[in-house]
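**Student:** PDB, C-alpha atoms, file start39.pdb:
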```
ATOM      1  CA  MET S 109      14.468 -41.318  16.729
ATOM      2  CA  ASP S 110      14.293 -38.218  18.933
ATOM      3  CA  THR S 111      11.359 -35.862  18.806
ATOM      4  CA  LEU S 112      12.366 -32.429  17.581
ATOM      5  CA  LEU S 113      10.915 -29.760  19.833
ATOM      6  CA  ILE S 114      11.624 -26.055  19.406
ATOM      7  CA  GLU S 115       9.851 -23.402  21.469
ATOM      8  CA  GLY S 116       8.449 -20.504  19.474
ATOM      9  CA  THR S 117       9.779 -16.955  19.781
ATOM     10  CA  GLN S 118       8.667 -13.562  18.509
ATOM     11  CA  LYS S 119      10.269 -14.365  15.146
ATOM     12  CA  THR S 120      10.415 -18.155  14.958
ATOM     13  CA  PRO S 121       7.698 -20.813  15.107
ATOM     14  CA  THR S 122       7.031 -23.632  17.542
ATOM     15  CA  VAL S 123       8.197 -26.895  16.024
ATOM     16  CA  ARG S 124       7.122 -30.397  16.991
ATOM     17  CA  PHE S 125       8.344 -33.266  14.849
ATOM     18  CA  ASP S 126       7.375 -36.581  16.438
ATOM     19  CA  ALA S 127       8.492 -39.684  14.534
ATOM     20  CA  SER S 128       6.620 -42.139  16.771
ATOM     21  CA  LYS S 129       3.319 -40.451  15.935
ATOM     22  CA  GLY S 130       4.170 -39.531  12.351
ATOM     23  CA  LEU S 131       3.446 -35.914  13.246
ATOM     24  CA  VAL S 132       5.138 -32.815  11.830
ATOM     25  CA  GLU S 133       3.963 -29.456  13.187
ATOM     26  CA  ILE S 134       5.097 -25.872  12.591
ATOM     27  CA  LYS S 135       3.043 -23.173  14.298
ATOM     28  CA  GLY S 136       3.337 -19.459  14.966
ATOM     29  CA  ARG S 137       5.474 -16.844  13.248
ATOM     30  CA  SER S 138       8.368 -17.429  10.930
ATOM     31  CA  ILE S 139      10.012 -14.102  10.236
ATOM     32  CA  PRO S 140      13.685 -14.493  11.216
ATOM     33  CA  GLU S 141      16.365 -12.507   9.391
ATOM     34  CA  ASN S 142      18.305 -15.735   8.946
ATOM     35  CA  SER S 143      15.844 -18.471   8.156
ATOM     36  CA  ILE S 144      18.340 -20.965   6.706
ATOM     37  CA  GLU S 145      19.919 -21.404  10.126
ATOM     38  CA  PHE S 146      16.551 -21.960  11.790
ATOM     39  CA  TYR S 147      15.271 -24.488   9.249
ATOM     40  CA  ARG S 148      18.458 -26.553   8.870
ATOM     41  CA  PRO S 149      17.702 -28.924  11.814
ATOM     42  CA  LEU S 150      14.133 -29.375  10.543
ATOM     43  CA  VAL S 151      15.327 -30.471   7.112
ATOM     44  CA  GLU S 152      17.980 -32.748   8.649
ATOM     45  CA  TRP S 153      15.394 -34.341  10.946
ATOM     46  CA  LEU S 154      13.155 -35.090   7.938
ATOM     47  CA  GLU S 155      16.061 -36.670   6.038
ATOM     48  CA  LYS S 156      16.486 -39.135   8.908
ATOM     49  CA  TYR S 157      12.757 -39.636   9.307
ATOM     50  CA  ALA S 158      12.531 -40.556   5.614
ATOM     51  CA  THR S 159      14.370 -43.803   6.365
ATOM     52  CA  GLU S 160      11.814 -44.864   8.993
ATOM     53  CA  ALA S 161       8.672 -42.948   8.070
ATOM     54  CA  LYS S 162       5.295 -44.059   9.435
ATOM     55  CA  SER S 163       2.752 -45.327   6.924
ATOM     56  CA  GLN S 164       0.886 -42.038   7.469
ATOM     57  CA  THR S 165       2.494 -38.683   8.270
ATOM     58  CA  GLN S 166       0.278 -35.786   9.286
ATOM     59  CA  VAL S 167       1.759 -32.355   8.688
ATOM     60  CA  ASN S 168       0.166 -29.355  10.389
ATOM     61  CA  ILE S 169       1.317 -25.946   9.241
ATOM     62  CA  GLN S 170      -0.353 -23.116  11.131
ATOM     63  CA  LEU S 171       1.500 -19.904  10.517
ATOM     64  CA  GLU S 172       0.330 -16.473  11.481
ATOM     65  CA  TYR S 173       3.069 -14.749   9.485
ATOM     66  CA  PHE S 174       6.029 -15.842   7.420
ATOM     67  CA  ASN S 175       8.593 -13.837   5.508
ATOM     68  CA  THR S 176       9.908 -14.533   2.023
ATOM     69  CA  SER S 177      13.179 -15.965   3.264
ATOM     70  CA  SER S 178      11.200 -18.511   5.327
ATOM     71  CA  SER S 179       9.046 -19.278   2.302
ATOM     72  CA  LYS S 180      12.011 -20.919   0.545
ATOM     73  CA  CYS S 181      12.912 -22.897   3.659
ATOM     74  CA  ILE S 182       9.312 -24.059   4.071
ATOM     75  CA  LEU S 183       9.461 -25.246   0.461
ATOM     76  CA  ASP S 184      12.605 -27.236   1.353
ATOM     77  CA  VAL S 185      10.686 -28.865   4.209
ATOM     78  CA  PHE S 186       7.843 -29.691   1.803
ATOM     79  CA  LYS S 187      10.279 -31.142  -0.755
ATOM     80  CA  LYS S 188      11.569 -33.541   1.897
ATOM     81  CA  LEU S 189       7.972 -34.499   2.668
ATOM     82  CA  GLU S 190       7.297 -34.945  -1.042
ATOM     83  CA  ALA S 191      10.176 -37.428  -1.240
ATOM     84  CA  ILE S 192       8.688 -39.368   1.699
ATOM     85  CA  HIS S 193       5.282 -39.333   0.014
ATOM     86  CA  LYS S 194       6.762 -40.612  -3.260
ATOM     87  CA  ALA S 195       8.394 -43.512  -1.452
ATOM     88  CA  ASN S 196       4.945 -45.031  -0.837
ATOM     89  CA  SER S 197       4.417 -43.491   2.559
ATOM     90  CA  GLY S 198       1.301 -41.354   2.890
ATOM     91  CA  VAL S 199       1.803 -37.709   3.714
ATOM     92  CA  THR S 200      -0.943 -35.110   4.127
ATOM     93  CA  ILE S 201      -0.215 -31.435   4.607
ATOM     94  CA  ASN S 202      -2.879 -29.560   6.574
ATOM     95  CA  TRP S 203      -2.473 -25.870   5.847
ATOM     96  CA  PHE S 204      -4.284 -23.773   8.473
ATOM     97  CA  TYR S 205      -5.298 -20.187   7.794
ATOM     98  CA  ASP S 206      -7.477 -17.617   9.512
ATOM     99  CA  GLN S 207     -10.921 -17.238   7.996
ATOM    100  CA  ASP S 208     -10.203 -13.676   6.822
ATOM    101  CA  ASP S 209      -6.607 -14.188   5.797
ATOM    102  CA  GLU S 210      -6.813 -14.645   2.027
ATOM    103  CA  ASP S 211      -3.078 -14.055   1.635
ATOM    104  CA  MET S 212      -2.318 -17.065   3.854
ATOM    105  CA  LEU S 213      -4.797 -19.239   1.941
ATOM    106  CA  GLU S 214      -3.189 -18.148  -1.317
ATOM    107  CA  ALA S 215       0.276 -18.927   0.062
ATOM    108  CA  GLY S 216      -0.927 -22.464   0.832
ATOM    109  CA  GLN S 217      -2.320 -22.798  -2.675
ATOM    110  CA  ASP S 218       1.016 -21.637  -4.117
ATOM    111  CA  TYR S 219       2.729 -24.518  -2.315
ATOM    112  CA  GLU S 220       0.002 -26.942  -3.268
ATOM    113  CA  SER S 221       0.628 -26.193  -6.950
ATOM    114  CA  ILE S 222       4.384 -26.843  -6.596
ATOM    115  CA  ILE S 223       4.512 -29.835  -4.248
ATOM    116  CA  ARG S 224       3.056 -33.230  -5.156
ATOM    117  CA  VAL S 225       1.584 -34.058  -1.777
ATOM    118  CA  PRO S 226      -2.127 -33.865  -0.891
ATOM    119  CA  PHE S 227      -2.943 -30.551   0.806
ATOM    120  CA  LYS S 228      -5.959 -29.827   2.957
ATOM    121  CA  MET S 229      -6.844 -26.167   3.397
ATOM    122  CA  MET S 230      -8.085 -25.809   6.956
ATOM    123  CA  GLU S 231     -10.002 -22.622   7.695
ATOM    124  CA  VAL S 232      -9.783 -21.475  11.299
ATOM    125  CA  GLU S 233     -12.515 -19.197  12.625
ATOM    126  CA  GLY S 234     -11.165 -15.935  13.994
TER
ATOM    127  CA  MET J1173      25.102  18.357  -0.560
ATOM    128  CA  ASP J1174      21.849  18.791  -2.472
ATOM    129  CA  LEU J1175      19.713  16.399  -0.526
ATOM    130  CA  ASP J1176      18.754  16.914   3.098
ATOM    131  CA  ILE J1177      17.630  13.498   4.346
ATOM    132  CA  ASN J1178      16.228  14.787   7.626
ATOM    133  CA  ARG J1179      14.084  17.322   5.805
ATOM    134  CA  LEU J1180      12.880  14.598   3.446
ATOM    135  CA  TYR J1181      11.960  12.499   6.518
ATOM    136  CA  VAL J1182       9.992  15.306   8.155
ATOM    137  CA  ARG J1183       8.252  16.098   4.865
ATOM    138  CA  THR J1184       7.347  12.437   4.341
ATOM    139  CA  CYS J1185       5.898  12.135   7.843
ATOM    140  CA  GLY J1186       3.338  14.932   7.490
ATOM    141  CA  ALA J1187       0.154  15.021   9.532
ATOM    142  CA  ASP J1188      -1.444  11.567   9.355
ATOM    143  CA  VAL J1189       1.565   9.584  10.408
ATOM    144  CA  LEU J1190       0.910   6.415  12.414
ATOM    145  CA  PHE J1191       4.472   5.336  12.790
ATOM    146  CA  ALA J1192       7.804   6.817  11.822
ATOM    147  CA  PHE J1193      11.392   5.837  12.402
ATOM    148  CA  GLU J1194      14.732   6.895  11.017
ATOM    149  CA  GLY J1195      18.057   5.403  11.967
ATOM    150  CA  GLU J1196      19.847   2.086  12.133
ATOM    151  CA  ILE J1197      17.722  -0.981  11.364
ATOM    152  CA  SER J1198      19.097  -3.751  13.580
ATOM    153  CA  SER J1199      17.431  -7.076  14.321
ATOM    154  CA  GLU J1200      16.352  -5.757  17.749
ATOM    155  CA  ARG J1201      15.021  -2.568  16.173
ATOM    156  CA  ILE J1202      12.933  -4.663  13.774
ATOM    157  CA  ASN J1203      11.383  -6.461  16.785
ATOM    158  CA  LEU J1204      10.519  -3.151  18.444
ATOM    159  CA  ILE J1205       9.022  -1.651  15.291
ATOM    160  CA  LEU J1206       6.910  -4.756  14.619
ATOM    161  CA  GLU J1207       5.638  -4.799  18.202
ATOM    162  CA  GLU J1208       4.612  -1.177  17.916
ATOM    163  CA  ILE J1209       2.946  -1.646  14.525
ATOM    164  CA  GLU J1210       1.029  -4.647  15.803
ATOM    165  CA  ALA J1211      -0.167  -2.833  18.943
ATOM    166  CA  LYS J1212      -1.181   0.272  16.987
ATOM    167  CA  THR J1213      -3.074  -1.497  14.219
ATOM    168  CA  GLU J1214      -4.868  -3.651  16.818
ATOM    169  CA  SER J1215      -5.884  -0.681  18.941
ATOM    170  CA  MET J1216      -7.208   1.053  15.835
ATOM    171  CA  ARG J1217      -9.479  -1.958  15.235
ATOM    172  CA  ILE J1218      -8.320  -2.320  11.675
ATOM    173  CA  GLU J1219      -9.751  -5.495  10.121
ATOM    174  CA  LEU J1220      -7.544  -8.555  10.506
ATOM    175  CA  ARG J1221      -6.905  -9.000   6.784
ATOM    176  CA  LEU J1222      -5.533  -5.474   6.395
ATOM    177  CA  ARG J1223      -3.639  -5.627   9.683
ATOM    178  CA  LYS J1224      -1.842  -8.739   8.521
ATOM    179  CA  LYS J1225      -1.035  -7.179   5.145
ATOM    180  CA  ILE J1226       0.486  -4.149   6.853
ATOM    181  CA  TYR J1227       2.534  -6.380   9.149
ATOM    182  CA  ASN J1228       3.719  -8.628   6.341
ATOM    183  CA  VAL J1229       4.739  -5.776   4.052
ATOM    184  CA  MET J1230       6.449  -4.102   7.006
ATOM    185  CA  VAL J1231       8.454  -7.283   7.733
ATOM    186  CA  GLU J1232       9.691  -7.510   4.142
ATOM    187  CA  CYS J1233      10.568  -3.811   3.988
ATOM    188  CA  LEU J1234      12.432  -3.848   7.293
ATOM    189  CA  GLN J1235      14.359  -6.944   6.338
ATOM    190  CA  ASN J1236      15.203  -5.425   2.956
ATOM    191  CA  LEU J1237      16.605  -2.414   4.826
ATOM    192  CA  TYR J1238      18.458  -4.748   7.202
ATOM    193  CA  HIS J1239      20.033  -6.846   4.456
ATOM    194  CA  HIS J1240      20.420  -4.505   1.510
ATOM    195  CA  SER J1241      20.991  -0.913   2.658
ATOM    196  CA  ASP J1242      24.298   0.423   1.485
ATOM    197  CA  GLU J1243      26.447   2.284   3.943
ATOM    198  CA  VAL J1244      25.714   5.920   4.647
ATOM    199  CA  PRO J1245      27.912   8.307   2.622
ATOM    200  CA  LEU J1246      30.817   9.479   4.775
ATOM    201  CA  ILE J1247      29.897  13.130   4.476
ATOM    202  CA  VAL J1248      26.637  12.580   6.437
ATOM    203  CA  ALA J1249      27.654   9.577   8.552
ATOM    204  CA  ASP J1250      28.325  11.729  11.617
ATOM    205  CA  ARG J1251      24.749  13.000  11.522
ATOM    206  CA  LEU J1252      22.850   9.934  10.270
ATOM    207  CA  GLY J1253      25.029   7.149  11.669
ATOM    208  CA  LYS J1254      26.791   4.398   9.721
ATOM    209  CA  SER J1255      23.577   2.704   8.742
ATOM    210  CA  TYR J1256      20.356   4.532   7.957
ATOM    211  CA  GLY J1257      16.832   3.480   7.090
ATOM    212  CA  MET J1258      13.639   5.513   6.929
ATOM    213  CA  VAL J1259      10.226   3.983   7.666
ATOM    214  CA  VAL J1260       6.977   5.963   7.653
ATOM    215  CA  LEU J1261       3.461   4.503   7.854
ATOM    216  CA  LYS J1262       0.548   6.822   7.177
ATOM    217  CA  ARG J1263      -3.175   6.440   6.917
ATOM    218  CA  GLU J1264      -4.716   7.733   3.708
ATOM    219  CA  GLY J1265      -8.482   7.331   3.869
ATOM    220  CA  ASN J1266      -9.238   3.620   3.752
ATOM    221  CA  THR J1267      -5.743   2.621   2.797
ATOM    222  CA  PHE J1268      -2.272   2.930   4.256
ATOM    223  CA  MET J1269       0.901   4.246   2.727
ATOM    224  CA  LEU J1270       4.213   2.772   3.764
ATOM    225  CA  THR J1271       7.303   4.692   2.729
ATOM    226  CA  VAL J1272      10.759   3.217   3.158
ATOM    227  CA  GLY J1273      14.059   4.758   2.195
ATOM    228  CA  ASN J1274      17.733   3.923   2.249
ATOM    229  CA  PHE J1275      21.005   4.749   0.535
ATOM    230  CA  VAL J1276      22.045   2.674  -2.428
ATOM    231  CA  SER J1277      25.169   2.910  -4.493
ATOM    232  CA  THR J1278      24.271   4.617  -7.751
ATOM    233  CA  ASP J1279      25.256   1.599  -9.826
ATOM    234  CA  LYS J1280      22.190  -0.225  -8.438
ATOM    235  CA  VAL J1281      19.709   2.439  -9.542
ATOM    236  CA  LYS J1282      19.190   1.021 -13.028
ATOM    237  CA  PHE J1283      18.761  -2.537 -11.768
ATOM    238  CA  LEU J1284      16.256  -1.542  -9.082
ATOM    239  CA  SER J1285      14.252   0.756 -11.397
ATOM    240  CA  GLU J1286      13.982  -1.969 -14.024
ATOM    241  CA  LYS J1287      12.964  -4.525 -11.430
ATOM    242  CA  ILE J1288      10.167  -2.329 -10.061
ATOM    243  CA  GLU J1289       9.017  -1.330 -13.569
ATOM    244  CA  LYS J1290       8.846  -5.003 -14.480
ATOM    245  CA  LEU J1291       6.743  -5.806 -11.389
ATOM    246  CA  ASN J1292       4.472  -2.854 -12.114
ATOM    247  CA  SER J1293       3.861  -4.158 -15.638
ATOM    248  CA  LEU J1294       2.607  -7.532 -14.406
ATOM    249  CA  SER J1295      -0.971  -8.552 -13.604
ATOM    250  CA  LYS J1296      -1.939 -10.189 -10.296
ATOM    251  CA  ASP J1297      -1.723 -13.658 -11.874
ATOM    252  CA  GLU J1298       1.598 -12.922 -13.548
ATOM    253  CA  LEU J1299       3.032 -11.767 -10.207
ATOM    254  CA  LYS J1300       1.823 -15.004  -8.657
ATOM    255  CA  GLU J1301       3.494 -17.072 -11.388
ATOM    256  CA  MET J1302       6.740 -15.118 -11.077
ATOM    257  CA  TYR J1303       6.713 -15.583  -7.295
ATOM    258  CA  LYS J1304       6.166 -19.320  -7.637
ATOM    259  CA  PHE J1305       8.866 -19.658 -10.276
ATOM    260  CA  ILE J1306      11.485 -17.881  -8.147
ATOM    261  CA  LEU J1307      10.360 -19.724  -5.020
ATOM    262  CA  ASN J1308      10.818 -23.043  -6.761
ATOM    263  CA  TYR J1309      13.889 -22.508  -8.918
ATOM    264  CA  GLN J1310      16.156 -19.905  -7.367
ATOM    265  CA  LYS J1311      18.591 -20.620  -4.575
ATOM    266  CA  LEU J1312      18.397 -18.641  -1.371
ATOM    267  CA  SER J1313      21.178 -16.085  -1.107
ATOM    268  CA  PRO J1314      23.332 -16.105   2.037
ATOM    269  CA  LYS J1315      21.403 -13.012   3.105
ATOM    270  CA  GLY J1316      18.241 -15.037   2.807
ATOM    271  CA  GLY J1317      16.552 -12.767   0.318
ATOM    272  CA  GLY J1318      16.321 -14.830  -2.810
ATOM    273  CA  GLY J1319      14.705 -12.021  -4.771
ATOM    274  CA  LEU J1320      11.190 -12.653  -3.478
ATOM    275  CA  GLY J1321      10.805  -9.654  -1.170
ATOM    276  CA  LEU J1322       9.726  -7.036  -3.691
ATOM    277  CA  ILE J1323       7.430  -9.450  -5.536
ATOM    278  CA  ASP J1324       5.750 -10.351  -2.262
ATOM    279  CA  ILE J1325       5.353  -6.666  -1.414
ATOM    280  CA  ALA J1326       3.790  -6.038  -4.841
ATOM    281  CA  ARG J1327       1.417  -9.003  -4.435
ATOM    282  CA  LYS J1328       0.313  -8.068  -0.934
ATOM    283  CA  SER J1329      -0.081  -4.407  -1.890
ATOM    284  CA  GLY J1330      -2.180  -5.051  -4.974
ATOM    285  CA  HIS J1331      -1.180  -1.579  -6.239
ATOM    286  CA  LYS J1332       1.629  -0.323  -8.426
ATOM    287  CA  LEU J1333       4.790   0.492  -6.501
ATOM    288  CA  SER J1334       5.997   4.097  -6.592
ATOM    289  CA  TYR J1335       9.667   4.817  -6.261
ATOM    290  CA  GLN J1336      12.131   7.606  -6.536
ATOM    291  CA  PHE J1337      15.894   7.931  -6.529
ATOM    292  CA  TYR J1338      17.260  11.164  -5.127
ATOM    293  CA  GLY J1339      20.777  11.829  -6.360
ATOM    294  CA  PHE J1340      23.109  12.355  -3.427
ATOM    295  CA  ASP J1341      26.578  12.468  -4.925
ATOM    296  CA  ASP J1342      28.522  10.613  -7.606
ATOM    297  CA  MET J1343      28.473   7.364  -5.677
ATOM    298  CA  TYR J1344      25.207   7.315  -3.762
ATOM    299  CA  SER J1345      21.517   7.806  -4.289
ATOM    300  CA  PHE J1346      18.700   7.757  -1.795
ATOM    301  CA  TYR J1347      16.102   5.144  -2.752
ATOM    302  CA  ARG J1348      12.545   5.756  -1.702
ATOM    303  CA  LEU J1349       9.727   3.248  -2.129
ATOM    304  CA  ASP J1350       6.050   4.116  -1.538
ATOM    305  CA  ILE J1351       3.686   1.196  -1.055
ATOM    306  CA  VAL J1352      -0.092   1.436  -0.895
ATOM    307  CA  ILE J1353      -1.595  -1.196   1.397
TER
END
```
Now, as a test, write the supplied structure out as structure tokens.

**Tutor:**
Amino acid sequence: MDTLLIEGTQKTPTVRFDASKGLVEIKGRSIPENSIEFYRPLVEWLEKYATEAKSQTQVNIQLEYFNTSSSKCILDVFKKLEAIHKANSGVTINWFYDQDDEDMLEAGQDYESIIRVPFKMMEVEG
Amino acid sequence: MDLDINRLYVRTCGADVLFAFEGEISSERINLILEEIEAKTESMRIELRLRKKIYNVMVECLQNLYHHSDEVPLIVADRLGKSYGMVVLKREGNTFMLTVGNFVSTDKVKFLSEKIEKLNSLSKDELKEMYKFILNYQKLSPKGGGGLGLIDIARKSGHKLSYQFYGFDDMYSFYRLDIVI
């Protein structure tokens, strides 16, 4: 299946979903006014990927900022990944946060407590 | 008209203002404001953690204004424009004070007051649980809000939210929110 590539902007993140490598990456800022529209193709891509998922899927989430409307959409992405994980395909979510950014660490922990997928909290030195 | 919005704006700004804007909050305007806030807080060498808090709270406030401001009462629309939001960021010692204001129809006053009072009554952990519950169980509204904005602001602030409703006329009030960051 096709790799999903979206260039980042001032308000939306860079997206790289690569089925052949089992790699799902969202990096940058996610603060659009209309996040549903932005995240729809990501969720649709994951629905397709679920039917041919690699035995291991690495998920890298490295967000500098995200708004509350993105937070629901990110949860939708994680729920799709949870379904893939449940279907006996290993998924790991690497949640990157800046060393001093406790709010971003806490946001990752919020997701970790909702989603049944192994999370790794990855501290990045500023 | 009892309430002079422009005077309220000038009074809110005061001496230690870092950033102030009044007028229509469009998507492009949000970009410009965020760019300016980012540049200013960086040049002031504010620590990263606080800089990010300011930016995050600013994003939520601006998008609340963008999505939820009610129209400007006709009687002042020629002076204030059809859509009006007020944003003032001030430094107060080691903390920052962000004030945002917009018109709301008076029938929302009770709902908003109760919502803020409820948030103010909750501990840090209770706010976290409420945030997670709404994140997980409530559908996103077409406007994208989903009721998380104010809770997120309260969590990131770590202080009680102050608010005031200035009566404007029978139909409208001016809603002012003061957030310590």

**Student:** Evaluate the ChimeraX specification (/J :<7) & /S against this structure - the residues, as a PDB file with C-alpha atoms, in the coordinates of the input, please.

**Tutor:**
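Result file follows (result-v8.pdb):
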```pdb
ATOM      1  CA  GLU S 141      16.365 -12.507   9.391  1.00  0.00           C
ATOM      2  CA  ASN S 142      18.305 -15.735   8.946  1.00  0.00           C
ATOM      3  CA  SER S 143      15.844 -18.471   8.156  1.00  0.00           C
ATOM      4  CA  TYR S 173       3.069 -14.749   9.485  1.00  0.00           C
ATOM      5  CA  ASN S 175       8.593 -13.837   5.508  1.00  0.00           C
ATOM      6  CA  THR S 176       9.908 -14.533   2.023  1.00  0.00           C
ATOM      7  CA  SER S 177      13.179 -15.965   3.264  1.00  0.00           C
ATOM      8  CA  LYS S 180      12.011 -20.919   0.545  1.00  0.00           C
ATOM      9  CA  ASP S 208     -10.203 -13.676   6.822  1.00  0.00           C
ATOM     10  CA  ASP S 209      -6.607 -14.188   5.797  1.00  0.00           C
ATOM     11  CA  ASP S 218       1.016 -21.637  -4.117  1.00  0.00           C
TER      12      ASP S 218
END
```

**Student:** Atom CA of Glu1243 of chain J to atom CA of Asp1341 of chain J: how many Å, to one decimal?

**Tutor:**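 Separating atom CA of Glu1243 of chain J from atom CA of Asp1341 of chain J is a distance of 13.5 Å.
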
**Student:** Between atom CA of Thr1271 of chain J and atom CA of Ile1351 of chain J, measure the distance and give it in Å to one decimal.

**Tutor:**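 Atom-to-atom, atom CA of Thr1271 of chain J and atom CA of Ile1351 of chain J are spaced 6.3 Å apart.
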
**Student:** Quick one: everything within 8 Å of Ser178 of chain S, counting all atoms listed in the file, minus sequence neighbours fewer than 6 positions away in the same chain. Send it as a list in words.

**Tutor:**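 Listing them by chain and then by number gives Ser138, Ile139, Pro140, Ser143 and Ile144 of chain S.
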
**Student:** Skip segment 1255-1259 of chain J itself and residues of its chain fewer than 6 positions away, then list as a ChimeraX atom specification all residues within 9 Å of it, counting all atoms listed in the file.

**Tutor:** /J:1181,1191-1197,1230,1233-1234,1237-1238,1241-1244,1249,1270-1275,1348

**Student:** What is the atom CA of Ile201 of chain S-atom CA of Asp1297 of chain J distance in Å, reported with one decimal?

**Tutor:**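 Separation between atom CA of Ile201 of chain S and atom CA of Asp1297 of chain J: 24.3 Å.
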
**Student:** Measuring atom to atom with all atoms listed in the file, identify which of S:Trp203, S:Tyr147, S:Tyr157, S:Phe186 is nearest to Val225 of chain S.

**Tutor:**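 Distance minimum relative to Val225 of chain S lands on S:Phe186.
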
**Student:** Hey, which of J:Ser1329, J:Ser1334, J:Val1248, J:Arg1263 ends up closest to Met1216 of chain J? Count only C-alpha atoms.

**Tutor:** J:Arg1263

**Student:** Need to verify the contact set: Gln207 of chain S, 6 Å, only C-alpha atoms, exclusion of same-chain residues closer than 6 positions in sequence. Can you return it as a ChimeraX atom specification?

**Tutor:** /S:231-233

**Student:** Would you please work out which residue, of S:Leu112, S:Val167, S:Ala195, S:Leu131, is nearest to Lys228 of chain S when using only C-alpha atoms?

**Tutor:** S:Val167

**Student:** Care to translate the PyMOL selection byres ((chain S and resi 119-124) around 7) into actual residues of this file, as a list of chain:residue names?

**Tutor:**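 For this structure, the PyMOL selection byres ((chain S and resi 119-124) around 7) captures S:Leu112, S:Leu113, S:Ile114, S:Glu115, S:Gly116, S:Thr117, S:Gln118, S:Phe125, S:Asp126, S:Val132, S:Glu133, S:Ile134, S:Lys135, S:Gly136, S:Arg137, S:Ser138, S:Ile139, S:Pro140.
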
**Student:** Put those residues in a file: C-alpha atoms, as a CSV table (one decimal), keeping the file's coordinate frame.

**Tutor:**
```
chain,number,residue,atom,x,y,z
S,112,LEU,CA,12.4,-32.4,17.6
S,113,LEU,CA,10.9,-29.8,19.8
S,114,ILE,CA,11.6,-26.1,19.4
S,115,GLU,CA,9.9,-23.4,21.5
S,116,GLY,CA,8.4,-20.5,19.5
S,117,THR,CA,9.8,-17.0,19.8
S,118,GLN,CA,8.7,-13.6,18.5
S,125,PHE,CA,8.3,-33.3,14.8
S,126,ASP,CA,7.4,-36.6,16.4
S,132,VAL,CA,5.1,-32.8,11.8
S,133,GLU,CA,4.0,-29.5,13.2
S,134,ILE,CA,5.1,-25.9,12.6
S,135,LYS,CA,3.0,-23.2,14.3
S,136,GLY,CA,3.3,-19.5,15.0
S,137,ARG,CA,5.5,-16.8,13.2
S,138,SER,CA,8.4,-17.4,10.9
S,139,ILE,CA,10.0,-14.1,10.2
S,140,PRO,CA,13.7,-14.5,11.2
```

**Student:** Counting only C-alpha atoms, which residue out of S:Met109, S:Glu145, S:Leu183, S:Asp206 sits closest to Glu220 of chain S?

**Tutor:**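 Looking at the shortest contact to Glu220 of chain S, the residue is S:Leu183.
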
**Student:** So, counting all atoms listed in the file, which residue among J:Arg1179, J:Lys1212, J:His1240, J:Lys1280 is closest to Ile1226 of chain J?

**Tutor:**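 Of the candidates, the smallest distance to Ile1226 of chain J is held by J:Lys1212.
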
**Student:** Once the PyMOL selection byres ((chain J and resi 1331) around 8) is applied to the coordinates I shared, what remains selected? I want it as a PyMOL selection string.

**Tutor:** chain J and resi 1326+1329-1330+1332-1333+1351-1353

**Student:** So which one's closest to Ile1209 of chain J, J:Val1182, J:Leu1190, J:Met1302, J:Met1269? Using all atoms listed in the file, please.

**Tutor:**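 Nearest candidate to Ile1209 of chain J out of J:Val1182, J:Leu1190, J:Met1302, J:Met1269: J:Leu1190.
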
**Student:** Report as a PDB file with C-alpha atoms, keeping the file's coordinate frame all protein, DNA and RNA residues lying within 9 Å of Ala158 of chain S, evaluated on only C-alpha atoms, omitting residues in the same chain fewer than 3 positions from it.

**Tutor:**
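Result saved to selection09.pdb:
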```pdb
ATOM      1  CA  TRP S 153      15.394 -34.341  10.946  1.00  0.00           C
ATOM      2  CA  LEU S 154      13.155 -35.090   7.938  1.00  0.00           C
ATOM      3  CA  GLU S 155      16.061 -36.670   6.038  1.00  0.00           C
ATOM      4  CA  ALA S 161       8.672 -42.948   8.070  1.00  0.00           C
ATOM      5  CA  LYS S 162       5.295 -44.059   9.435  1.00  0.00           C
ATOM      6  CA  LYS S 188      11.569 -33.541   1.897  1.00  0.00           C
ATOM      7  CA  LEU S 189       7.972 -34.499   2.668  1.00  0.00           C
ATOM      8  CA  ALA S 191      10.176 -37.428  -1.240  1.00  0.00           C
ATOM      9  CA  ILE S 192       8.688 -39.368   1.699  1.00  0.00           C
ATOM     10  CA  ALA S 195       8.394 -43.512  -1.452  1.00  0.00           C
TER      11      ALA S 195
END
```

**Student:** Which centre and which edge lengths, in Å to one decimal, describe the axis-aligned box that holds all listed atoms of segment 1259-1275 of chain J after 4 Å is added on each side, as lines of an AutoDock Vina configuration file?

**Tutor:**
```
center_x = 5.9
center_y = 5.2
center_z = 4.2
size_x = 38.2
size_y = 13.1
size_z = 15.3
```

**Student:** Could you give me segment 1196-1201 of chain J completed to N, CA and C atoms, formatted as an mmCIF file, keeping the file's coordinate frame?

**Tutor:**
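What follows is the written file rebuild_19.cif:
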```
data_model
loop_
_atom_site.group_PDB
_atom_site.id
_atom_site.type_symbol
_atom_site.label_atom_id
_atom_site.label_comp_id
_atom_site.auth_asym_id
_atom_site.auth_seq_id
_atom_site.Cartn_x
_atom_site.Cartn_y
_atom_site.Cartn_z
ATOM 1 N N GLU J 1196 19.289 3.405 12.446
ATOM 2 C CA GLU J 1196 19.847 2.086 12.133
ATOM 3 C C GLU J 1196 18.787 0.994 12.299
ATOM 4 N N ILE J 1197 18.683 0.118 11.306
ATOM 5 C CA ILE J 1197 17.722 -0.981 11.364
ATOM 6 C C ILE J 1197 18.473 -2.249 11.783
ATOM 7 N N SER J 1198 18.474 -2.527 13.070
ATOM 8 C CA SER J 1198 19.097 -3.751 13.580
ATOM 9 C C SER J 1198 17.998 -4.797 13.769
ATOM 10 N N SER J 1199 18.409 -6.016 14.081
ATOM 11 C CA SER J 1199 17.431 -7.076 14.321
ATOM 12 C C SER J 1199 16.524 -6.708 15.506
ATOM 13 N N GLU J 1200 17.133 -6.158 16.560
ATOM 14 C CA GLU J 1200 16.352 -5.757 17.749
ATOM 15 C C GLU J 1200 15.396 -4.618 17.398
ATOM 16 N N ARG J 1201 15.875 -3.691 16.581
ATOM 17 C CA ARG J 1201 15.021 -2.568 16.173
ATOM 18 C C ARG J 1201 13.816 -3.084 15.389
#
```
